[in-house]
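With PDB, C-alpha atoms, pLDDT in the B column inside, this is my_file-v5.pdb:
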```
MODEL        1
ATOM      1  CA  MET W   1      -0.239  15.974  -6.563  1.00 90.00           C
ATOM      2  CA  PRO W   2      -2.193  14.263  -9.339  1.00 97.00           C
ATOM      3  CA  THR W   3      -3.073  16.297 -12.418  1.00 97.00           C
ATOM      4  CA  LEU W   4      -5.545  15.675 -15.218  1.00 98.00           C
ATOM      5  CA  ASP W   5      -4.997  16.523 -18.877  1.00 97.00           C
ATOM      6  CA  ARG W   6      -6.797  15.551 -22.054  1.00 97.00           C
ATOM      7  CA  HIS W   7      -5.451  14.388 -25.415  1.00 94.00           C
ATOM      8  CA  GLU W   8      -8.376  14.311 -27.826  1.00 96.00           C
ATOM      9  CA  ASN W   9     -10.625  11.510 -26.510  1.00 98.00           C
ATOM     10  CA  VAL W  10      -8.224  10.300 -23.822  1.00 98.00           C
ATOM     11  CA  PHE W  11      -7.914  11.823 -20.378  1.00 98.00           C
ATOM     12  CA  VAL W  12      -4.475  11.392 -18.823  1.00 98.00           C
ATOM     13  CA  LEU W  13      -4.313  11.315 -15.042  1.00 98.00           C
ATOM     14  CA  ASP W  14      -0.714  11.805 -13.918  1.00 98.00           C
ATOM     15  CA  LEU W  15      -0.367  10.547 -10.363  1.00 98.00           C
ATOM     16  CA  GLY W  16       2.801  12.548  -9.706  1.00 96.00           C
ATOM     17  CA  ASP W  17       6.572  12.245  -9.713  1.00 96.00           C
ATOM     18  CA  GLY W  18       7.210  10.932  -6.190  1.00 96.00           C
ATOM     19  CA  GLU W  19       6.186   7.684  -4.523  1.00 97.00           C
ATOM     20  CA  ASN W  20       2.540   8.640  -5.133  1.00 98.00           C
ATOM     21  CA  ARG W  21       1.391   7.195  -1.842  1.00 98.00           C
ATOM     22  CA  PHE W  22      -2.263   7.336  -0.871  1.00 98.00           C
ATOM     23  CA  HIS W  23      -2.294  10.447   1.321  1.00 98.00           C
ATOM     24  CA  PRO W  24      -5.882  11.605   1.986  1.00 98.00           C
ATOM     25  CA  ASP W  25      -5.297  14.747  -0.090  1.00 98.00           C
ATOM     26  CA  TRP W  26      -3.921  12.620  -2.930  1.00 98.00           C
ATOM     27  CA  ILE W  27      -6.948  10.322  -2.779  1.00 98.00           C
ATOM     28  CA  ALA W  28      -9.242  13.352  -2.893  1.00 98.00           C
ATOM     29  CA  ALA W  29      -7.395  14.754  -5.914  1.00 98.00           C
ATOM     30  CA  VAL W  30      -7.686  11.461  -7.792  1.00 98.00           C
ATOM     31  CA  GLY W  31     -11.371  11.319  -6.920  1.00 98.00           C
ATOM     32  CA  ALA W  32     -11.924  14.825  -8.261  1.00 98.00           C
ATOM     33  CA  ALA W  33     -10.196  13.857 -11.513  1.00 98.00           C
ATOM     34  CA  LEU W  34     -12.426  10.789 -11.856  1.00 98.00           C
ATOM     35  CA  ASP W  35     -15.446  13.054 -11.308  1.00 98.00           C
ATOM     36  CA  GLU W  36     -14.354  15.152 -14.287  1.00 98.00           C
ATOM     37  CA  VAL W  37     -13.802  12.110 -16.489  1.00 98.00           C
ATOM     38  CA  GLU W  38     -17.158  10.609 -15.551  1.00 97.00           C
ATOM     39  CA  LYS W  39     -19.105  13.848 -16.100  1.00 96.00           C
ATOM     40  CA  ALA W  40     -17.608  14.468 -19.546  1.00 97.00           C
ATOM     41  CA  GLU W  41     -19.719  13.566 -22.546  1.00 96.00           C
ATOM     42  CA  GLY W  42     -18.996  11.692 -25.741  1.00 97.00           C
ATOM     43  CA  PRO W  43     -16.190   9.244 -26.527  1.00 98.00           C
ATOM     44  CA  ARG W  44     -13.563   9.217 -23.815  1.00 98.00           C
ATOM     45  CA  ALA W  45     -11.157   6.942 -21.999  1.00 98.00           C
ATOM     46  CA  LEU W  46      -8.638   7.260 -19.188  1.00 98.00           C
ATOM     47  CA  VAL W  47      -4.922   6.573 -18.936  1.00 98.00           C
ATOM     48  CA  THR W  48      -3.432   6.698 -15.445  1.00 98.00           C
ATOM     49  CA  ALA W  49       0.272   7.434 -15.664  1.00 98.00           C
ATOM     50  CA  ALA W  50       3.086   8.808 -13.527  1.00 98.00           C
ATOM     51  CA  THR W  51       6.563  10.235 -13.904  1.00 95.00           C
ATOM     52  CA  GLY W  52       9.710   9.172 -12.117  1.00 92.00           C
ATOM     53  CA  LYS W  53      10.738   5.968 -10.391  1.00 96.00           C
ATOM     54  CA  PHE W  54       7.299   4.988  -9.075  1.00 98.00           C
ATOM     55  CA  TRP W  55       3.806   4.574 -10.450  1.00 98.00           C
ATOM     56  CA  SER W  56       2.550   4.203  -6.886  1.00 98.00           C
ATOM     57  CA  ASN W  57       4.014   2.797  -3.689  1.00 98.00           C
ATOM     58  CA  GLY W  58       0.634   2.315  -2.069  1.00 97.00           C
ATOM     59  CA  LEU W  59      -0.704   3.351   1.327  1.00 97.00           C
ATOM     60  CA  ASP W  60       0.764   6.380   3.073  1.00 97.00           C
ATOM     61  CA  LEU W  61       1.860   4.424   6.137  1.00 94.00           C
ATOM     62  CA  GLU W  62       3.661   7.410   7.662  1.00 96.00           C
ATOM     63  CA  TRP W  63       0.436   9.431   7.634  1.00 97.00           C
ATOM     64  CA  LEU W  64      -1.568   6.442   8.819  1.00 94.00           C
ATOM     65  CA  PHE W  65       0.673   5.714  11.820  1.00 94.00           C
ATOM     66  CA  ALA W  66       0.498   9.391  12.778  1.00 97.00           C
ATOM     67  CA  ASN W  67      -3.285   9.396  12.445  1.00 96.00           C
ATOM     68  CA  ALA W  68      -4.255   5.981  13.769  1.00 92.00           C
ATOM     69  CA  ASP W  69      -7.608   7.291  15.001  1.00 94.00           C
ATOM     70  CA  HIS W  70      -8.606   7.812  11.348  1.00 94.00           C
ATOM     71  CA  TYR W  71      -7.734   4.252  10.303  1.00 92.00           C
ATOM     72  CA  HIS W  72     -11.303   3.140   9.624  1.00 94.00           C
ATOM     73  CA  ASP W  73     -12.174   6.139   7.466  1.00 96.00           C
ATOM     74  CA  TYR W  74      -8.858   5.901   5.642  1.00 97.00           C
ATOM     75  CA  VAL W  75      -9.416   2.256   4.673  1.00 97.00           C
ATOM     76  CA  VAL W  76     -12.953   3.118   3.544  1.00 98.00           C
ATOM     77  CA  SER W  77     -11.562   5.872   1.296  1.00 98.00           C
ATOM     78  CA  VAL W  78      -8.962   3.537  -0.221  1.00 98.00           C
ATOM     79  CA  HIS W  79     -11.584   0.883  -0.882  1.00 98.00           C
ATOM     80  CA  GLU W  80     -13.859   3.456  -2.503  1.00 98.00           C
ATOM     81  CA  LEU W  81     -11.031   4.546  -4.793  1.00 98.00           C
ATOM     82  CA  PHE W  82     -10.588   0.943  -5.933  1.00 98.00           C
ATOM     83  CA  ALA W  83     -14.335   0.527  -6.417  1.00 98.00           C
ATOM     84  CA  ARG W  84     -14.624   3.796  -8.304  1.00 98.00           C
ATOM     85  CA  MET W  85     -11.874   2.870 -10.742  1.00 98.00           C
ATOM     86  CA  LEU W  86     -13.146  -0.689 -11.163  1.00 98.00           C
ATOM     87  CA  SER W  87     -16.627   0.491 -12.141  1.00 98.00           C
ATOM     88  CA  LEU W  88     -15.789   3.704 -14.016  1.00 98.00           C
ATOM     89  CA  PRO W  89     -17.957   3.916 -17.164  1.00 98.00           C
ATOM     90  CA  VAL W  90     -14.987   4.480 -19.463  1.00 98.00           C
ATOM     91  CA  THR W  91     -12.097   2.244 -20.520  1.00 98.00           C
ATOM     92  CA  THR W  92      -9.174   2.668 -18.136  1.00 98.00           C
ATOM     93  CA  VAL W  93      -5.533   1.853 -18.828  1.00 99.00           C
ATOM     94  CA  ALA W  94      -2.723   1.992 -16.250  1.00 99.00           C
ATOM     95  CA  ALA W  95       0.609   3.018 -17.791  1.00 98.00           C
ATOM     96  CA  LEU W  96       3.125   1.517 -15.358  1.00 98.00           C
ATOM     97  CA  GLN W  97       6.443   3.225 -16.019  1.00 98.00           C
ATOM     98  CA  GLY W  98       7.866   2.473 -12.563  1.00 97.00           C
ATOM     99  CA  HIS W  99       7.501   0.493  -9.370  1.00 98.00           C
ATOM    100  CA  THR W 100       3.913  -0.482  -8.597  1.00 98.00           C
ATOM    101  CA  PHE W 101       3.607  -1.834  -5.068  1.00 98.00           C
ATOM    102  CA  ALA W 102       0.986  -2.849  -2.509  1.00 98.00           C
ATOM    103  CA  ALA W 103      -2.152  -0.694  -2.733  1.00 98.00           C
ATOM    104  CA  GLY W 104      -0.623   0.869  -5.833  1.00 98.00           C
ATOM    105  CA  ALA W 105      -0.571  -2.578  -7.438  1.00 98.00           C
ATOM    106  CA  MET W 106      -4.188  -3.062  -6.385  1.00 98.00           C
ATOM    107  CA  LEU W 107      -5.147   0.265  -7.948  1.00 98.00           C
ATOM    108  CA  SER W 108      -3.540  -0.890 -11.181  1.00 98.00           C
ATOM    109  CA  LEU W 109      -5.682  -4.044 -11.041  1.00 98.00           C
ATOM    110  CA  ALA W 110      -8.800  -1.892 -10.764  1.00 98.00           C
ATOM    111  CA  HIS W 111      -8.045  -0.597 -14.276  1.00 98.00           C
ATOM    112  CA  ASP W 112      -9.323  -2.452 -17.315  1.00 98.00           C
ATOM    113  CA  PHE W 113      -5.851  -2.845 -18.792  1.00 98.00           C
ATOM    114  CA  ARG W 114      -2.225  -2.429 -17.748  1.00 98.00           C
ATOM    115  CA  VAL W 115       0.836  -1.574 -19.836  1.00 98.00           C
ATOM    116  CA  MET W 116       4.160  -2.008 -18.024  1.00 98.00           C
ATOM    117  CA  ARG W 117       7.751  -1.146 -18.728  1.00 98.00           C
ATOM    118  CA  ALA W 118       9.558  -4.344 -19.688  1.00 97.00           C
ATOM    119  CA  ASP W 119      13.137  -3.690 -18.641  1.00 93.00           C
ATOM    120  CA  ARG W 120      12.950  -2.083 -15.202  1.00 92.00           C
ATOM    121  CA  GLY W 121      10.525  -1.683 -12.326  1.00 96.00           C
ATOM    122  CA  TYR W 122       8.502  -4.185 -10.331  1.00 98.00           C
ATOM    123  CA  TRP W 123       4.871  -4.991  -9.690  1.00 98.00           C
ATOM    124  CA  CYS W 124       4.509  -6.438  -6.195  1.00 98.00           C
ATOM    125  CA  LEU W 125       2.096  -7.214  -3.371  1.00 98.00           C
ATOM    126  CA  PRO W 126       4.541  -7.145  -0.418  1.00 98.00           C
ATOM    127  CA  GLU W 127       2.003  -7.586   2.381  1.00 97.00           C
ATOM    128  CA  ALA W 128       3.337 -11.028   3.419  1.00 97.00           C
ATOM    129  CA  ASP W 129       6.756  -9.454   3.949  1.00 97.00           C
ATOM    130  CA  ILE W 130       5.623  -6.286   5.730  1.00 94.00           C
ATOM    131  CA  ASP W 131       3.176  -8.117   8.007  1.00 94.00           C
ATOM    132  CA  ILE W 132       0.026  -6.313   6.871  1.00 93.00           C
ATOM    133  CA  PRO W 133      -2.867  -8.623   5.945  1.00 95.00           C
ATOM    134  CA  PHE W 134      -5.065  -7.830   2.980  1.00 97.00           C
ATOM    135  CA  THR W 135      -8.519  -6.528   3.808  1.00 97.00           C
ATOM    136  CA  ARG W 136     -11.484  -8.523   2.542  1.00 97.00           C
ATOM    137  CA  GLY W 137     -12.050  -5.904  -0.144  1.00 98.00           C
ATOM    138  CA  MET W 138      -8.447  -6.003  -1.282  1.00 98.00           C
ATOM    139  CA  SER W 139      -8.477  -9.798  -1.416  1.00 98.00           C
ATOM    140  CA  ALA W 140     -11.693  -9.766  -3.430  1.00 98.00           C
ATOM    141  CA  LEU W 141     -10.261  -7.290  -5.933  1.00 98.00           C
ATOM    142  CA  ILE W 142      -7.029  -9.233  -6.416  1.00 98.00           C
ATOM    143  CA  ARG W 143      -8.800 -12.579  -6.791  1.00 98.00           C
ATOM    144  CA  ALA W 144     -11.223 -11.106  -9.321  1.00 98.00           C
ATOM    145  CA  ARG W 145      -8.501  -9.674 -11.540  1.00 98.00           C
ATOM    146  CA  LEU W 146      -5.791 -12.364 -11.430  1.00 98.00           C
ATOM    147  CA  THR W 147      -5.813 -16.079 -12.152  1.00 98.00           C
ATOM    148  CA  PRO W 148      -6.011 -18.237  -8.993  1.00 98.00           C
ATOM    149  CA  GLN W 149      -2.416 -19.406  -9.416  1.00 98.00           C
ATOM    150  CA  THR W 150      -1.044 -15.897  -9.870  1.00 98.00           C
ATOM    151  CA  ALA W 151      -3.152 -14.440  -7.066  1.00 98.00           C
ATOM    152  CA  HIS W 152      -1.894 -17.130  -4.699  1.00 98.00           C
ATOM    153  CA  GLU W 153       1.743 -16.615  -5.618  1.00 98.00           C
ATOM    154  CA  ALA W 154       1.573 -12.819  -5.600  1.00 98.00           C
ATOM    155  CA  MET W 155      -0.281 -12.632  -2.272  1.00 98.00           C
ATOM    156  CA  THR W 156       1.557 -15.335  -0.318  1.00 98.00           C
ATOM    157  CA  THR W 157       5.133 -14.937  -1.546  1.00 98.00           C
ATOM    158  CA  ALA W 158       5.397 -11.170  -2.145  1.00 98.00           C
ATOM    159  CA  ARG W 159       7.119 -11.946  -5.442  1.00 98.00           C
ATOM    160  CA  ARG W 160       8.408  -8.964  -7.389  1.00 98.00           C
ATOM    161  CA  TYR W 161       7.365  -9.277 -11.014  1.00 98.00           C
ATOM    162  CA  GLY W 162       9.308  -7.478 -13.709  1.00 98.00           C
ATOM    163  CA  GLY W 163       7.377  -6.364 -16.764  1.00 98.00           C
ATOM    164  CA  THR W 164       8.030  -9.453 -18.873  1.00 97.00           C
ATOM    165  CA  ASP W 165       7.168 -11.821 -16.024  1.00 98.00           C
ATOM    166  CA  ALA W 166       4.083  -9.765 -15.166  1.00 98.00           C
ATOM    167  CA  ALA W 167       2.880 -10.079 -18.745  1.00 98.00           C
ATOM    168  CA  ALA W 168       3.528 -13.845 -18.737  1.00 98.00           C
ATOM    169  CA  ALA W 169       1.447 -14.138 -15.543  1.00 98.00           C
ATOM    170  CA  SER W 170      -1.338 -11.981 -17.055  1.00 98.00           C
ATOM    171  CA  ILE W 171      -0.879  -9.345 -14.355  1.00 98.00           C
ATOM    172  CA  VAL W 172      -0.326  -6.811 -17.116  1.00 98.00           C
ATOM    173  CA  ASP W 173      -1.560  -6.940 -20.678  1.00 98.00           C
ATOM    174  CA  ARG W 174       1.558  -5.659 -22.401  1.00 98.00           C
ATOM    175  CA  ALA W 175       5.227  -5.194 -21.514  1.00 98.00           C
ATOM    176  CA  VAL W 176       6.968  -2.630 -23.711  1.00 98.00           C
ATOM    177  CA  PRO W 177      10.127  -0.470 -23.750  1.00 97.00           C
ATOM    178  CA  GLU W 178      10.182   2.519 -21.407  1.00 95.00           C
ATOM    179  CA  ASP W 179       9.592   5.088 -24.143  1.00 96.00           C
ATOM    180  CA  ALA W 180       6.546   3.187 -25.409  1.00 98.00           C
ATOM    181  CA  VAL W 181       4.643   2.740 -22.134  1.00 98.00           C
ATOM    182  CA  ARG W 182       2.545   5.893 -22.254  1.00 98.00           C
ATOM    183  CA  SER W 183       2.037   5.917 -26.018  1.00 98.00           C
ATOM    184  CA  THR W 184       0.937   2.269 -26.011  1.00 98.00           C
ATOM    185  CA  ALA W 185      -1.513   2.996 -23.210  1.00 98.00           C
ATOM    186  CA  LEU W 186      -2.827   6.049 -25.061  1.00 98.00           C
ATOM    187  CA  ASP W 187      -3.327   4.084 -28.277  1.00 98.00           C
ATOM    188  CA  LEU W 188      -5.156   1.300 -26.454  1.00 98.00           C
ATOM    189  CA  ALA W 189      -7.372   3.752 -24.588  1.00 98.00           C
ATOM    190  CA  ALA W 190      -8.149   5.753 -27.735  1.00 98.00           C
ATOM    191  CA  SER W 191      -9.187   2.608 -29.596  1.00 98.00           C
ATOM    192  CA  LEU W 192     -11.845   1.954 -26.941  1.00 98.00           C
ATOM    193  CA  ALA W 193     -12.990   5.520 -26.224  1.00 98.00           C
ATOM    194  CA  GLY W 194     -16.232   4.918 -28.097  1.00 98.00           C
ATOM    195  CA  LYS W 195     -17.309   2.366 -25.482  1.00 98.00           C
ATOM    196  CA  ALA W 196     -17.752   5.015 -22.773  1.00 98.00           C
ATOM    197  CA  GLY W 197     -21.159   5.452 -21.229  1.00 97.00           C
ATOM    198  CA  ASN W 198     -23.822   3.978 -18.993  1.00 97.00           C
ATOM    199  CA  THR W 199     -23.825   0.585 -20.711  1.00 98.00           C
ATOM    200  CA  LEU W 200     -20.127   0.053 -20.049  1.00 98.00           C
ATOM    201  CA  GLY W 201     -20.593   1.197 -16.456  1.00 98.00           C
ATOM    202  CA  THR W 202     -23.458  -1.247 -15.977  1.00 98.00           C
ATOM    203  CA  ILE W 203     -21.463  -4.099 -17.498  1.00 98.00           C
ATOM    204  CA  LYS W 204     -18.562  -3.445 -15.134  1.00 98.00           C
ATOM    205  CA  SER W 205     -20.796  -3.048 -12.097  1.00 98.00           C
ATOM    206  CA  ARG W 206     -22.551  -6.348 -12.794  1.00 98.00           C
ATOM    207  CA  LEU W 207     -19.319  -8.121 -13.704  1.00 98.00           C
ATOM    208  CA  TYR W 208     -17.803  -7.163 -10.350  1.00 98.00           C
ATOM    209  CA  THR W 209     -20.915  -7.007  -8.166  1.00 98.00           C
ATOM    210  CA  GLU W 210     -19.472  -9.076  -5.320  1.00 98.00           C
ATOM    211  CA  VAL W 211     -16.147  -7.221  -5.317  1.00 98.00           C
ATOM    212  CA  LEU W 212     -17.836  -3.822  -5.315  1.00 98.00           C
ATOM    213  CA  THR W 213     -20.177  -4.836  -2.509  1.00 97.00           C
ATOM    214  CA  THR W 214     -17.233  -5.935  -0.382  1.00 97.00           C
ATOM    215  CA  LEU W 215     -15.184  -2.828  -1.165  1.00 98.00           C
ATOM    216  CA  ARG W 216     -18.117  -0.577  -0.290  1.00 97.00           C
ATOM    217  CA  ASP W 217     -18.805  -2.168   3.078  1.00 95.00           C
ATOM    218  CA  THR W 218     -18.223   0.864   5.302  1.00 94.00           C
ATOM    219  CA  THR W 219     -19.355  -0.864   8.497  1.00 91.00           C
ATOM    220  CA  ASN W 220     -16.626  -3.475   8.709  1.00 87.00           C
ATOM    221  CA  PRO W 221     -14.056  -2.803   5.949  1.00 87.00           C
ATOM    222  CA  LEU W 222     -11.335  -4.837   7.649  1.00 81.00           C
ATOM    223  CA  GLY W 223     -13.424  -8.010   7.836  1.00 72.00           C
TER     224      GLY W 223
ENDMDL
END
```
This entry written out as structure tokens:
Amino acid sequence: MPTLDRHENVFVLDLGDGENRFHPDWIAAVGAALDEVEKAEGPRALVTAATGKFWSNGLDLEWLFANADHYHDYVVSVHELFARMLSLPVTTVAALQGHTFAAGAMLSLAHDFRVMRADRGYWCLPEADIDIPFTRGMSALIRARLTPQTAHEAMTTARRYGGTDAAAASIVDRAVPEDAVRSTALDLAASLAGKAGNTLGTIKSRLYTEVLTTLRDTTNPLG
């Protein structure tokens, strides 16, 4: 399960050491950690990291297929997680040490910045291959955070981007050696910790008004 630690002005949210799929309990734990970060006072920033082979492999499809009657509420909770991260009033940096797929890739896009391992691991939106269309909220998030050319390629071809290619496509901001992923993310977050507060939250909320409105549509989240 996700855990939250603090290193001076930087909170570190470790998503876990497995596939870090979006089980409802996992989503709730991440939400509770974001509550703590948001309620803290003074300079602060957030790094979202993980340990092991994956940063996140996205939706918990096994749980979802076993609980199909909860599909609507589950999608709403996933969308709210994206919206919460996208509008969090602190600088957020995703430290991508491993595979970052599907909804996990979308969660990384909801961060302000991304640092990815250069030599191993993929960032991928595989929905075209696994026959699961993007929701309107997901599409809005991806289109808002990637260039049109990259969004089109990533969404329609399910291309797997290594760290160097992801940086070249502006999916991630930096591609670094494995042992520098977390430290680079921490340094970047620390340098911007002084920006935390209501003004930053307002800037983000207004910058992504349309995306947030779509993600927070609880009546018809699937479009």
W:Val78, W:Ala154, W:Leu13, W:Ile130: which is nearest Ala169 (chain W), counting all atoms listed in the file? W:Ala154
Would you please work out which residue, of W:Gly31, W:Gly223, W:Pro148, W:Pro177, is nearest to Met85 (chain W) when using only C-alpha atoms? W:Gly31
Residues proximal to (-19.4, 1.8, -15.1) were defined as those with any atom within 12 Å of that point in the file's coordinates, counting all atoms listed in the file. Which are they, as a ChimeraX atom specification? /W:34,37-38,45,83-92,111-112,195-209,212
Taking the file as I've supplied it (selection: the PyMOL selection byres ((chain W and resi 56) around 9)), which residues are included? Please answer as a ChimeraX atom specification. /W:15-16,18-22,50,54-55,57-59,96,98-105,107
What would the selection look like, as a PyMOL selection string, if the PyMOL selection byres ((chain W and resi 2-4) around 7) were run on the coordinates I just shared? chain W and resi 1+5-6+11-16+26+29-30+33
Give as a list of chain:residue names the residues that the PyMOL selection byres ((chain W and resi 163) around 9) matches when applied to the coordinates above. W:Val115, W:Met116, W:Arg117, W:Ala118, W:Asp119, W:Arg120, W:Gly121, W:Tyr122, W:Trp123, W:Tyr161, W:Gly162, W:Thr164, W:Asp165, W:Ala166, W:Ala167, W:Ala168, W:Val172, W:Arg174, W:Ala175, W:Val176
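Every protein, DNA or RNA residue with an atom at most 9 Å from Val76 (chain W), where all atoms listed in the file count and chain neighbours fewer than 6 positions away do not, is listed here: Leu215, Arg216, Asp217, Thr218 and Pro221 of chain W.
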With a distance cut-off of 10 Å and all atoms listed in the file, select the neighbouring residues of Phe134 (chain W), excluding the residue or stretch itself and same-chain residues fewer than 2 positions from it, and output the selection as a list in words.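 Final neighbour list, sorted by chain and number: Ala102, Ala103, Leu125, Glu127, Ala128, Asp131, Ile132, Arg136, Gly137, Met138, Ser139, Ala140, Ile142, Met155, Leu222 and Gly223 of chain W.
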When you count all atoms listed in the file, which of these residues is closest to Leu186 (chain W): W:Ala28, W:Ala110, W:Ala95, W:Leu81?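 Comparing W:Ala28, W:Ala110, W:Ala95, W:Leu81 against Leu186 (chain W), the winner is W:Ala95.
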Work out how far apart CA of Thr51 (chain W) and CA of His79 (chain W) are and give it in Å to one decimal.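 CA of Thr51 (chain W) sits 24.2 Å away from CA of His79 (chain W).
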Which residue gives the smallest distance to Thr156 (chain W) among W:Asp129, W:His72, W:Glu80, W:Gln97, with all atoms listed in the file counted?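 Using all atoms listed in the file, the shortest distance to Thr156 (chain W) belongs to W:Asp129.
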Between CA of Leu146 (chain W) and CA of Ile171 (chain W), what is the spacing in Å?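 Distance reported for this atom pair: 6.5 Å.
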Nearest residue to Tyr74 (chain W) from the set W:Lys39, W:His23, W:Lys53, W:His7 (distances using only C-alpha atoms): W:His23
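Here CA of Thr48 (chain W) stands at a distance of 15.4 Å from CA of Glu178 (chain W).
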Among listed residues W:Leu109, W:Asn220, W:Thr213, W:Arg160, nearest Tyr71 (chain W) (using all atoms listed in the file):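 Result for the nearest residue to Tyr71 (chain W): W:Asn220.
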